[in-house]
Each structure stands twice: as structure tokens, then as C-alpha cells.
Amino acid sequence: MRKENKGLAAVRRAVLAPYGVWSMIFIVVPLFFVAYYAFTDSSFRFTTENVTRFFTATSTVGGATVHTYLLIFWRSLKLAIISTAICLLLGYPIAYILSRASDRTQKILITLIMIPMWMNFLIRTYAWMTILQDTGILNGLLAKIGLGPVHIIGTETAVVIGMVYDYFPYMILPIYSVMAKLDMKLVEAARDLGCNGWNVLRRVIFPLSLPGVISGVTMVLIPSISTFYISQKLGNGKFYLIGDAIEGQYVANNLHFAAAIALLLMVVLLVCMALMQRYANKRAFV
Amino acid sequence: MRKIIELKGITKSFDGDVVLDHIDLDIYDNEFITLLGPSGCGKTTTLRIIAGFEQPDSGTVTFLGEDLLSLPPHKRNVNTVFQRYALFPHLNVYENIAFPLRVKKAPNDEIDTQVHEMLKLVALEGFEKRSVTSLSGGQQQRVAIARALVSRPKVLLLDEPLAALDAKLRKDMQLELHKIQRASGITFIFVTHDQEEALSMSDTVVVMAEGKIQQIGTPVDIYNEPQNAFVADFIGESNILNGVMLEDRKVRFHGHVFECVDAGFGKNEPVDVVVRPEDVDIVPEEKGMLRGVVTGVTFLGVHYEIIVDVQGFKWMIQTTDFVDVDEHIGLYIEPDAIQIMKKSKYSGMFGDYSSFSNEFDELSDAEAEVEEE
């Protein structure tokens, strides 16, 4: 018996070994290097200057002095939160309707939601450029019905539209997969025990779909807070985001400061995720 | 007794299959009534119509004289205990039971009093903070009952609530349910395919088959005076024979004229005759009213179950006397052990033990447990 267990453990180790090596090379080592670069200067001596620079660097915008990176970070966070909220508000009802549709309809709709994801990210963003331009498709349509033209490209709205479009499926799919597994008997039980439609949603469906909501929010918030391409193309580069800052420093060959920004961003995201997880756990046992 | 629910002419079909065919049923206040029948007989659909999860194609349901069908489920003064309990996994025991009161926005102190009263009723004090997923089947069952009772519905609907429990626990819960019904004074409408369960708990049993009510009566009536071959066969074991009612209190079967206690049939009317296996006495061959050869003996602990061939018809007899296979014996039947039934569409379908085997019976029981939807 003992021997067998030992044998089994050996097999398990052997099977897990490649994953161990993989995560070592592609997760642990890179993270270590990010931290290492963040806390060293160009001659690889220890310094906290990169981190302090993030908090103290200032520049002048329209005559006022601002903390450059804190401002950029705040802007990124704001746009990411707005996009995530829009994705959630639009995605949640769609996920719910989807999970209650017939099997056939579900398959078709899921495919429709996924198809844009098969297209290249850059092409999708360029497509939105042509749609949102002052002389673009949208304004053409608006002009025809006498509503336009509306200036969208180069505004925060355009950046948010781009983010919502690009990350929408990542919100729908996790919520949908949780909802599809929801036991319909629970909904019946809630109705039976006195819940009208709104109460069923509030007291049963929403709390039970919370794990899906959390992973959906995570999967939209993280890429949208660190995006740089969308803001460059749809924001006409006017909305410098934290992702742009990292990219800019990297391109300027200032790897150490780029690493410091990335590290700080990661810490903030980890704290956000931890808080959300705690909220979810607390909700799980009211 | 006050009539609480009245079903009239309820008909329901799914995709062209008639599930309920003109059901008329009165349910009285403070009654423990059981809808009993094999799967697909329409018992669960009847329950779901009362709960509000299905609408009948035609017919009416009234609740204390008022139309029930126009009310959505959450406005009906009936609650359901579901087959697989349907407890809310995101809430603990206390909050599951408190759920209907929270929905009603009852004050906290009132909720607290009521929930504790319910926990006491179902003997789960001290389980307040436990997660429902950590409970055993029997405990989950009791939480489900407490949750359904806490808002004091007039009627509790129970959809095969014991089906998922093991045999021992089932017995305990049967007693428990009966006690709870008496203590709460709430009308229980109980759905099951288990005849033993139906007989042991109910005030009234409604036997259903193929979307029709076959018989309504007390457990004793249903067992002793089944109205057709289906009921006789479904409730307990029965030998069902073709007979002719010669005159009041005289019936002929197997070529022999028996005295019986039934009257009111036409002269020489063909009838179904039911004799319960435990009502047949084994006597020496020459003293028997009927003679036969033993073809099978099964020891079941309390008694033997023997199969006797009488003129090609296989009788089942339960006896504590041992007889051996191939033995020639006589059968003796008291007049009041003979139950006469009118011929029905079920005549000739049941009651001959030619193809009987215990194993086969168990197999078909297991099949009957498949949840009907």
C-alpha cells in the first residue's frame, strides 16, 4: 500500500514536472526580472528611484503642475472601470438570456460572440477608427438622419467604446458558463417561496452567478487597465494611459522605469482582486 | 371539514401526450393527502399545477373558493418541498429557512423567533450557521421542510421528498413528516410512487394512472376495497381472477362458487375478483375449496411467499407454514377475503403470477424511481 502510494507520488511528480519547469521559465523568472529591473539602475545597482519617480515625477499640463504618472494611472483606472462597468451592465443580461435559450440558439449566439475574437486585435481597432472618424461610417449615417456629425474619435468615449468592444466576450463567457449550470429548481423554489421576478434575480440568480461576475470583471478590468494600443488609435494619442507609459519607457530603452511601473500596476491589481475575492466570499455565506 | 383546494376537469398535455385527463379532486383542510401512482401517471404535474409552475389546458383550480390559476406562484399560499430539496447553496441553514420571511421583509426579531421555532420543529437546533451543502440528505430534507413551512402556508406540496433517502432514513422521515403535519395543522399534498409510504402516512390516498384518478379513499379502503385491477395490483400484492357474479354475495371463479360479502352487481355479471396473498389459508388438499400444486417457494423472513398453480392460474400466497415445491395443497378463502370489482380496461392485465419473480419486481421498482419531468 505504502509502496504503491510512493509509486503514485513519483508518477505525479513526473507528470507535473514539465508544468513546473514551464511556470518557472515563463512566470517566476520573468516576474523576478521585472522586480529586479524595477529596483536597479542602469548599472544594476540597487535603487528605489524608479518607484519614487512614479509617485513624484511632475509635468506641466495647460499651465498647471501635475503628478505625471499618478495622473496617467488615475486616467487608466477610470477608463478601465467605466469600460468594465459597461461590459457588466450589457453582458450580464445577455449572459442570462443566453443561458435560458434553447441549446441550438445558445450555440449560435456563442459563436457569434466569439467570431470577433478570431479576428486580429489591431484590425478590430482599425475598424473602429474608420467607423468613428469625423468622416467615418457612423457620422455618415448620423448625417443621413440629420443628427450628425458627432466628434467621437480622439475622445475618451472612443477609447471606452474600443475597450468595451474588444473585451466584451471576456465578460459574457464566464458569466454565461456559471449561469448555464444554475439549477432551475432553485429559481422555481424562489418563486414558490414568494419571490417576484426581481427578487429571484436579486436573492438567488445574482448571488449564485457572482463567481462568474468576478472572473468576468477580472478578465475585462486587467487588460483594459493596461491597454495602450486602443488609446493610441482611438484616442489619437491624446489619452496617455499606463500601458502607453510602460510602452513609451520601454521603447525609449528605459527598461528599469518601465519595470517599476509594471510592478506597481501589478501590485494595485492584486490588491483589487484580493478585495473582490473577499467580498465574494463574504457574500457566499451571508 | 372545510374544502381548501378544488380541482375541476383539469386536462394537460405535453407535445400531444395527455398527461392529465379531466382530473376532479377535492382537498380538505388539515388533511394529509397522497397522490400515488407509477411514474408518468400525472401526479407531479398535478402538484405543479397547484404550485403554479404549470398551467392546465382546461379546467379550474380554486383555493378556498377563489380562482388559483390566475395567481403567479409567488402569490399562492402554497409552498413546495422539492424532490432534490432545491436549497440555496449560497445561504446557510438559518438563511435558507429565513428566506421567505426576508422576501416579505419581516422584521429581524420576528424572523429570528420563527426560524428558531422551525429549527425546533424539524430537530435541527444548533445547525443555524452550517452550510447546507455540508448536511446529510435527511438534514437537507428537514431544512427544506422548515423553509417551506416558515411562512405558514395553508398547503404544503411535497414532490417525492423521500425518494433520494436510503430505506432506514425514509422510514424515520415518514414518521417525522406525519408528526410535523399533525403539529403544524397544515394540509399536506404528498406525491409518491411508493405505495407503502402512501399507506403509512396518509389520511386520504388518490391512486392515479395514465392521467386519470383510479380511486380516492382512506388507506384501509384502498387496500381492502380496490375499485379496479390497477389499484388492486398497484397497492400491495393481489391475485386477480376472472369471475362471474351469480347473485348478491355469490361469485364463481375457477369453476367453484364462493360466498362473498359484495352485492349490487347484475345477475351473471362478469367481474374481477381480488384475493390478497395473506388472506388465503393453506389446508390439506381434500379440505380445500381449490386445489393446486406449489411451483415456487421464497423465504422472506416474516413469511414464505409461495406460488401455487391452480388450473393453470398462478396464485401468490403468503404463509408462515412451510410447504415444499411440487406439494399438492388445498386453498381456503373466507368470504370477507374476497373483493369483487367491476370489469375495467385494466382487467386481465394484472394479478396472475405466472411470470413473477422477486428480481424482476425490484428491477421494475428501480425504473419507477426515475424522476418524472
# chains A, B, ... in the order shown; residues from 1 in each chain; ligands from 1

call {"tool": "interface_residues", "arguments": {"of": "chain B", "to": "chain A", "cutoff": "6 Å", "atoms": "only C-alpha atoms", "output": "list in words"}}
result
Pro73, His74, Asn79, Ala86, His90, Leu91 and Pro100 of chain B

call {"tool": "select_by_dssp", "arguments": {"residues": "segment 26-142 of chain A", "states": "strand (DSSP E or B)", "output": "ChimeraX atom specification"}}
result
/A:40,46,58-61,64-67

call {"tool": "residues_around", "arguments": {"residues": "Gly235 of chain A", "least_positions_apart": "2", "cutoff": "6 Å", "atoms": "only C-alpha atoms", "output": "ChimeraX atom specification"}}
result
/A:154-155,159,231-233,237-239

call {"tool": "atom_distance", "arguments": {"atom1": "atom CA of Gly136 of chain A", "atom2": "atom CA of Leu112 of chain A"}}
result
24.7 Å

call {"tool": "residues_around", "arguments": {"residues": "Asp262 of chain B", "least_positions_apart": "5", "cutoff": "9 Å", "atoms": "only C-alpha atoms", "output": "PyMOL selection string"}}
result
chain B and resi 248-250+336+338-340

call {"tool": "select_by_dssp", "arguments": {"residues": "segment 187-270 of chain A", "states": "alpha helix (DSSP H)", "output": "ChimeraX atom specification"}}
result
/A:187-192,197-200,206-225,229-234,242-251,255-270

call {"tool": "closest_residue", "arguments": {"among": "B:Ile23, B:Glu305, B:Ala337, B:Gly138", "to": "Tyr223 of chain B", "atoms": "only C-alpha atoms"}}
result
B:Ala337

call {"tool": "residues_around", "arguments": {"residues": "Gly312 of chain B", "least_positions_apart": "6", "cutoff": "10 Å", "atoms": "only C-alpha atoms", "output": "short mmCIF file (atom, residue, chain, number, x, y, z; two decimals) with N, CA, C and O atoms, in the first residue's frame"}}
result
data_model
loop_
_atom_site.label_atom_id
_atom_site.label_comp_id
_atom_site.auth_asym_id
_atom_site.auth_seq_id
_atom_site.Cartn_x
_atom_site.Cartn_y
_atom_site.Cartn_z
N HIS B 254 -62.71 -20.13 -11.05
CA HIS B 254 -62.07 -21.45 -11.08
C HIS B 254 -63.13 -22.56 -11.02
O HIS B 254 -62.88 -23.64 -10.46
N GLY B 292 -54.27 -27.08 -5.78
CA GLY B 292 -53.20 -26.68 -6.67
C GLY B 292 -51.88 -27.31 -6.31
O GLY B 292 -51.76 -28.01 -5.30
N VAL B 293 -50.89 -27.03 -7.14
CA VAL B 293 -49.54 -27.57 -6.94
C VAL B 293 -48.59 -26.40 -6.68
O VAL B 293 -48.62 -25.40 -7.40
N ASP B 352 -51.91 -12.18 -12.18
CA ASP B 352 -51.51 -13.57 -12.39
C ASP B 352 -50.00 -13.62 -12.20
O ASP B 352 -49.28 -12.82 -12.79
N SER B 354 -47.79 -15.81 -13.09
CA SER B 354 -47.10 -16.75 -13.97
C SER B 354 -45.67 -16.32 -14.25
O SER B 354 -44.75 -17.13 -14.25
#

call {"tool": "residues_around", "arguments": {"residues": "segment 274-276 of chain A", "least_positions_apart": "3", "cutoff": "10 Å", "atoms": "only C-alpha atoms", "output": "short mmCIF file (atom, residue, chain, number, x, y, z; two decimals) with N, CA and C atoms, in the first residue's frame"}}
result
data_model
loop_
_atom_site.label_atom_id
_atom_site.label_comp_id
_atom_site.auth_asym_id
_atom_site.auth_seq_id
_atom_site.Cartn_x
_atom_site.Cartn_y
_atom_site.Cartn_z
N ILE A 214 -17.24 37.87 -10.99
CA ILE A 214 -15.88 38.20 -10.53
C ILE A 214 -14.86 37.86 -11.61
N SER A 215 -14.98 36.68 -12.21
CA SER A 215 -13.96 36.36 -13.21
C SER A 215 -14.16 37.21 -14.46
N VAL A 217 -15.26 40.36 -14.51
CA VAL A 217 -14.71 41.68 -14.18
C VAL A 217 -13.18 41.63 -14.22
N THR A 218 -12.63 40.57 -13.66
CA THR A 218 -11.17 40.42 -13.68
C THR A 218 -10.64 40.40 -15.10
N VAL A 268 -1.22 46.96 -7.52
CA VAL A 268 -2.56 47.55 -7.39
C VAL A 268 -3.63 46.54 -7.83
N LEU A 269 -3.39 45.87 -8.96
CA LEU A 269 -4.36 44.90 -9.45
C LEU A 269 -4.54 43.74 -8.47
N LEU A 270 -3.42 43.28 -7.91
CA LEU A 270 -3.51 42.17 -6.95
C LEU A 270 -4.36 42.57 -5.76
N VAL A 271 -4.16 43.80 -5.27
CA VAL A 271 -4.94 44.27 -4.13
C VAL A 271 -6.43 44.31 -4.51
N TYR A 279 -14.91 40.04 -0.90
CA TYR A 279 -16.31 40.44 -0.97
C TYR A 279 -17.16 39.25 -1.41
N ALA A 280 -16.65 38.53 -2.42
CA ALA A 280 -17.40 37.38 -2.94
C ALA A 280 -17.56 36.31 -1.87
N ASN A 281 -16.47 36.03 -1.14
CA ASN A 281 -16.55 35.01 -0.11
C ASN A 281 -17.52 35.40 1.00
N LYS A 282 -17.51 36.69 1.31
CA LYS A 282 -18.40 37.14 2.36
C LYS A 282 -19.85 37.00 1.91
#

call {"tool": "residues_around", "arguments": {"residues": "Met117 of chain A", "least_positions_apart": "3", "cutoff": "10 Å", "atoms": "only C-alpha atoms", "output": "PDB file with C-alpha atoms, in the first residue's frame"}}
result
ATOM      1  CA  THR A 111     -20.337  31.503 -31.907  1.00  0.00           C
ATOM      2  CA  LEU A 112     -21.475  34.987 -32.915  1.00  0.00           C
ATOM      3  CA  ILE A 113     -19.981  36.418 -29.745  1.00  0.00           C
ATOM      4  CA  MET A 114     -16.716  34.572 -30.318  1.00  0.00           C
ATOM      5  CA  ASN A 120      -6.792  40.279 -35.128  1.00  0.00           C
ATOM      6  CA  PHE A 121      -6.955  42.779 -32.315  1.00  0.00           C
ATOM      7  CA  ARG A 124     -10.603  45.355 -34.942  1.00  0.00           C
ATOM      8  CA  ASP A 166     -12.626  44.298 -27.536  1.00  0.00           C
ATOM      9  CA  TYR A 167     -13.165  42.839 -24.094  1.00  0.00           C
ATOM     10  CA  PHE A 168     -16.943  42.258 -24.139  1.00  0.00           C
ATOM     11  CA  PRO A 169     -16.749  38.494 -24.818  1.00  0.00           C
ATOM     12  CA  TYR A 170     -14.479  38.067 -21.794  1.00  0.00           C
TER      13      TYR A 170
END

call {"tool": "atom_distance", "arguments": {"atom1": "atom CA of Tyr69 of chain A", "atom2": "atom CA of Tyr250 of chain A"}}
result
15.1 Å

call {"tool": "atom_distance", "arguments": {"atom1": "atom CA of Val81 of chain B", "atom2": "atom CA of Asp26 of chain B"}}
result
20.8 Å

call {"tool": "closest_residue", "arguments": {"among": "A:Phe26, A:Phe32, A:Leu71, A:Ala95", "to": "Phe206 of chain A", "atoms": "only C-alpha atoms"}}
result
A:Ala95
